[in-house]
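As stored in input.tsv (TSV, C-alpha atoms):
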chain	number	residue	atom	x	y	z
A	1	MET	CA	-1.17	-4.91	8.39
A	2	ILE	CA	-4.92	-4.46	8.60
A	3	GLU	CA	-6.37	-2.97	11.80
A	4	PHE	CA	-9.85	-4.27	12.47
A	5	HIS	CA	-12.64	-2.22	14.01
A	6	LEU	CA	-16.18	-3.13	14.99
A	7	ASP	CA	-19.34	-1.09	14.65
A	8	GLU	CA	-21.85	-2.25	17.25
A	9	ARG	CA	-24.59	-0.17	15.60
A	10	SER	CA	-24.22	-1.83	12.20
A	11	GLY	CA	-26.43	-4.82	12.94
A	12	VAL	CA	-23.78	-7.02	11.31
A	13	SER	CA	-22.22	-9.78	13.40
A	14	PRO	CA	-18.63	-9.18	14.55
A	15	TYR	CA	-17.24	-12.13	12.60
A	16	GLN	CA	-18.95	-10.92	9.43
A	17	GLN	CA	-17.52	-7.42	9.96
A	18	LEU	CA	-14.02	-8.92	10.12
A	19	VAL	CA	-14.62	-10.91	6.92
A	20	ARG	CA	-15.94	-7.82	5.12
A	21	GLN	CA	-13.00	-5.71	6.23
A	22	VAL	CA	-10.52	-8.25	4.86
A	23	ARG	CA	-12.45	-8.49	1.58
A	24	GLN	CA	-12.54	-4.70	1.28
A	25	ALA	CA	-8.80	-4.43	1.99
A	26	LEU	CA	-8.14	-7.07	-0.67
A	27	ARG	CA	-10.37	-5.30	-3.17
A	28	LEU	CA	-8.71	-1.93	-2.53
A	29	GLY	CA	-5.19	-3.34	-2.74
A	30	LEU	CA	-4.50	-2.59	0.94
A	31	LEU	CA	-3.71	-6.26	1.54
A	32	ARG	CA	-1.56	-8.17	-0.90
A	33	GLU	CA	-0.60	-11.77	-1.40
A	34	GLY	CA	1.78	-12.82	1.37
A	35	ASP	CA	0.60	-10.22	3.90
A	36	ARG	CA	-0.04	-11.58	7.38
A	37	LEU	CA	-3.35	-10.94	9.12
A	38	PRO	CA	-3.22	-10.04	12.81
A	39	THR	CA	-3.06	-13.09	15.05
A	40	VAL	CA	-6.21	-14.17	16.85
A	41	LYS	CA	-4.57	-13.06	20.09
A	42	GLU	CA	-3.85	-9.58	18.65
A	43	VAL	CA	-7.43	-9.13	17.41
A	44	VAL	CA	-8.89	-10.33	20.72
A	45	ALA	CA	-6.68	-7.92	22.67
A	46	ARG	CA	-7.53	-4.96	20.40
A	47	LEU	CA	-11.28	-5.54	20.04
A	48	ALA	CA	-12.12	-7.41	23.26
A	49	ILE	CA	-14.04	-10.13	21.42
A	50	ASN	CA	-14.20	-13.89	21.76
A	51	PRO	CA	-11.33	-15.75	20.06
A	52	ASN	CA	-13.88	-18.07	18.41
A	53	THR	CA	-15.31	-15.04	16.59
A	54	VAL	CA	-11.93	-14.30	15.01
A	55	LEU	CA	-11.35	-17.99	14.24
A	56	LYS	CA	-14.74	-18.21	12.54
A	57	ALA	CA	-13.92	-15.20	10.34
A	58	TYR	CA	-10.49	-16.56	9.44
A	59	ARG	CA	-11.95	-20.00	8.66
A	60	GLU	CA	-14.51	-18.44	6.31
A	61	LEU	CA	-11.78	-16.47	4.54
A	62	GLU	CA	-9.71	-19.64	4.28
A	63	HIS	CA	-12.68	-21.58	2.91
A	64	GLU	CA	-13.06	-18.88	0.23
A	65	GLY	CA	-9.39	-19.32	-0.69
A	66	LEU	CA	-8.43	-15.78	0.31
A	67	VAL	CA	-6.11	-16.69	3.18
A	68	ALA	CA	-4.20	-19.70	4.45
A	69	ALA	CA	-3.34	-20.53	8.04
A	70	ARG	CA	0.19	-21.66	8.80
A	71	PRO	CA	0.17	-23.29	12.25
A	72	GLY	CA	2.51	-21.51	14.62
A	73	VAL	CA	3.24	-18.77	12.09
A	74	GLY	CA	-0.03	-16.98	11.31
A	75	THR	CA	-2.70	-16.45	8.69
A	76	PHE	CA	-1.53	-15.12	5.33
A	77	VAL	CA	-3.24	-13.63	2.29
A	78	THR	CA	-3.12	-16.03	-0.65
A	79	THR	CA	-4.88	-13.97	-3.32
A	80	THR	CA	-6.16	-10.49	-4.00
A	81	LEU	CA	-9.51	-9.16	-5.13
A	82	ALA	CA	-8.08	-5.98	-6.68
A	83	ASP	CA	-8.65	-5.63	-10.40
A	84	ALA	CA	-7.90	-3.21	-13.23
A	85	SER	CA	-10.25	-0.62	-11.70
A	86	LEU	CA	-7.75	-0.05	-8.87
A	87	ALA	CA	-6.13	2.79	-10.85
A	88	ALA	CA	-9.43	4.70	-10.81
A	89	HIS	CA	-9.69	4.58	-7.01
A	90	GLY	CA	-7.47	7.62	-6.32
A	91	PRO	CA	-9.47	10.17	-8.30
A	92	LEU	CA	-12.77	8.67	-7.14
A	93	ARG	CA	-11.59	8.80	-3.51
A	94	GLN	CA	-10.73	12.50	-3.91
A	95	GLU	CA	-14.13	13.22	-5.43
A	96	LEU	CA	-15.85	11.31	-2.62
A	97	ARG	CA	-13.88	13.28	0.00
A	98	ARG	CA	-15.06	16.53	-1.59
A	99	TRP	CA	-18.64	15.24	-1.50
A	100	LEU	CA	-18.26	14.26	2.18
A	101	ALA	CA	-16.92	17.72	3.05
A	102	LYS	CA	-19.87	19.28	1.22
A	103	ALA	CA	-22.33	17.05	3.10
A	104	ARG	CA	-20.75	18.03	6.44
A	105	ARG	CA	-20.94	21.73	5.51
A	106	ALA	CA	-24.63	21.15	4.78
A	107	GLY	CA	-25.02	19.97	8.39
A	108	LEU	CA	-25.23	16.20	7.92
A	109	ASP	CA	-23.78	14.01	10.66
A	110	ASP	CA	-22.09	10.66	9.98
A	111	GLU	CA	-25.31	8.63	10.28
A	112	SER	CA	-27.16	10.96	7.91
A	113	ILE	CA	-24.31	10.83	5.40
A	114	GLU	CA	-24.22	7.04	5.55
A	115	ALA	CA	-28.00	6.79	5.20
A	116	LEU	CA	-28.01	9.15	2.21
A	117	PHE	CA	-25.15	7.33	0.52
A	118	MET	CA	-26.54	3.83	1.10
A	119	THR	CA	-30.05	4.78	-0.01
A	120	THR	CA	-28.72	6.43	-3.15
A	121	PHE	CA	-26.39	3.49	-3.81
A	122	ARG	CA	-29.22	0.95	-3.47
A	123	ASN	CA	-31.61	2.99	-5.60
A	124	ALA	CA	-29.00	3.37	-8.34
A	125	ALA	CA	-28.32	-0.38	-8.23
A	126	GLN	CA	-32.05	-1.09	-8.56
A	127	GLU	CA	-32.32	1.32	-11.50
A	128	ASP	CA	-29.40	-0.44	-13.19
A	129	ILE	CA	-31.20	-3.77	-12.80
A	130	ALA	CA	-34.50	-2.48	-14.16

Go ahead and render the structure in this file as structure tokens.
Amino acid sequence: MIEFHLDERSGVSPYQQLVRQVRQALRLGLLREGDRLPTVKEVVARLAINPNTVLKAYRELEHEGLVAARPGVGTFVTTTLADASLAAHGPLRQELRRWLAKARRAGLDDESIEALFMTTFRNAAQEDIA
């Protein structure tokens, strides 16, 4: 089962963070069709957030056709976002871990690593578009 976390520094609303985490888990094959999401009560207890925040996230996921609520039972994954590229994730993850270790040895903290990665990612995406 997915364990949600919130990053207050991200600038992204809590409900949107929950939606993104479910989408990422679906894309990475961590959640599969039939898996149950944590109940609203479980998420509220773990993250100390308003139940309406969790409900809003789950409603958006349901609207997108990714999950379905079963009253009295829970919210379940109805589809996956994983594709044929899933097989490439293992080697890429290992390579990324090596890069992260190298960045830490170079003295970068987590914020610096994230900033470097995101800037490089966005620049590469822009170059691909141009």

Taking all atoms listed in the file into account, name the residue in A:Leu37, A:Phe4, A:Ala115, A:Gln126 that is nearest to Ala68 of chain A.
A:Leu37

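Closest to Ala82 of chain A among A:Gly29, A:Pro38, A:Gly107, A:Pro51 is A:Gly29, based on all atoms listed in the file.
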
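Restricting the calculation to all atoms listed in the file, the smallest distance between Glu111 of chain A and any of A:Val67, A:Arg27, A:Glu3, A:Ser10 is found for A:Ser10.
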
Would you pick out the contacts of Leu18 of chain A at 8 Å or less, using all atoms listed in the file, so that residues sharing its chain but fewer than 5 positions from it are not included, and give the list as an MDAnalysis selection string?
chainID A and resid 4:6 54 57

For atom CA of Thr75 of chain A and atom CA of Tyr58 of chain A, quote the distance in Å rounded to one decimal.
7.8 Å

Determine, counting only C-alpha atoms, which protein, DNA and RNA residues have an atom within 12 Å of an atom of Ile2 of chain A; residues of the same chain fewer than 2 positions away are not included. Present the result as number ranges by chain.
A: 4-5, 18-19, 21-26, 29-32, 35-39, 42-43, 76-77

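Taking atom CA of Thr80 of chain A as the reference point, atom CA of Leu61 of chain A is found at 11.8 Å.
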
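The spacing separating atom CA of Arg59 of chain A from atom CA of Gln16 of chain A amounts to 11.5 Å.
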
Six-sided padding of 6 Å per side, axis-aligned box over segment 84-101 of chain A, centre and edges in Å, one decimal, as lines of an AutoDock Vina configuration file:
center_x = -12.4
center_y = 7.3
center_z = -5.1
size_x = 24.5
size_y = 32.9
size_z = 28.3

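Residue nearest Glu114 of chain A, chosen from A:Leu100, A:Gly72, A:Glu62, A:Asn52 and counting only C-alpha atoms: A:Leu100.
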
Restricting the calculation to all atoms listed in the file, which member of A:Arg20, A:Arg46, A:Arg104, A:Arg93 is positioned closest to Leu66 of chain A?
A:Arg20

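Distances to Glu33 of chain A were evaluated for A:His89, A:Arg9, A:Met1, A:Ala103 using all atoms listed in the file, and the minimum falls at A:Met1.
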